[in-house]
Amino acid sequence: MENQAETNLMAQEQSNATESPKRERVTPEKVNKVHNNEVYVFSSNLQGLHNAGSARIAFQRYGAVMGQSVGLQGKCYAIPTLPGEPGILRPYVDEFLDFAKQHPELTFLVTAIGADIAGYTPQDTAPLFRKAVKMPNVNLPQEYWEVLE
């Protein structure tokens, strides 16, 4: 009986240890401030018109550049969303993940990509971020973690 209790306790501790980093790597629902080593990752359109949703926040607060639809700009990183199947976003998400991998000194706060105007759901876009699960400098929205776990 005591051995079973110890086994259960060890299993719980191991489970907590593996889940903990993910819980700590959740992008807040509303990002109110980006610290020096943080980058706000947002949905853009191909024209780089940052007039609504997370793009507007990026433009108003974090240095998004009007007319720039992809990549690092100010304290934010744009991932363009396109109408159609979510799979067409893959090259842009992969480009972002490669960039994040090359910059371990930065923490990336990924918002729900394509959820604003493009109408994608976390079930559509979270799988594109599967590689980020093993990247300690990439935070994902809670709903992405729920899809990826």
# chains A, B, ... in the order shown; residues from 1 in each chain; ligands from 1
$ select_by_dssp --residues "chain A" --states "strand (DSSP E)" --output "PyMOL selection string"
chain A and resi 26-27+38-44+71-73+76-80+107-110+138-141
$ residues_around --residues "region 100-115 of chain A" --least-positions-apart "6" --cutoff "10 Å" --atoms "only C-alpha atoms" --output "VMD selection string"
chain A and resid 25 to 31 34 to 45 53 to 54 75 to 83 86 89 93 to 94 121 to 122 124 to 126 129 132 135 to 144
$ closest_residue --among "A:Ala52, A:Arg90, A:Glu85, A:Gln47" --to "Val70 (chain A)" --atoms "only C-alpha atoms"
A:Gln47
$ atom_distance --atom1 "CA of Glu95 (chain A)" --atom2 "CA of Leu128 (chain A)"
11.4 Å
$ select_by_dssp --residues "region 18-134 of chain A" --states "helix (DSSP H, G or I)" --output "VMD selection string"
chain A and resid 18 to 24 53 to 61 86 to 102 122 to 134
$ atom_distance --atom1 "CA of Leu46 (chain A)" --atom2 "CA of Pro91 (chain A)"
13.5 Å
$ closest_residue --among "A:Leu97, A:Glu24, A:Gln73, A:Glu146" --to "Arg61 (chain A)" --atoms "only C-alpha atoms"
A:Gln73
$ atom_distance --atom1 "CA of Gln68 (chain A)" --atom2 "CA of Gly48 (chain A)"
4.7 Å
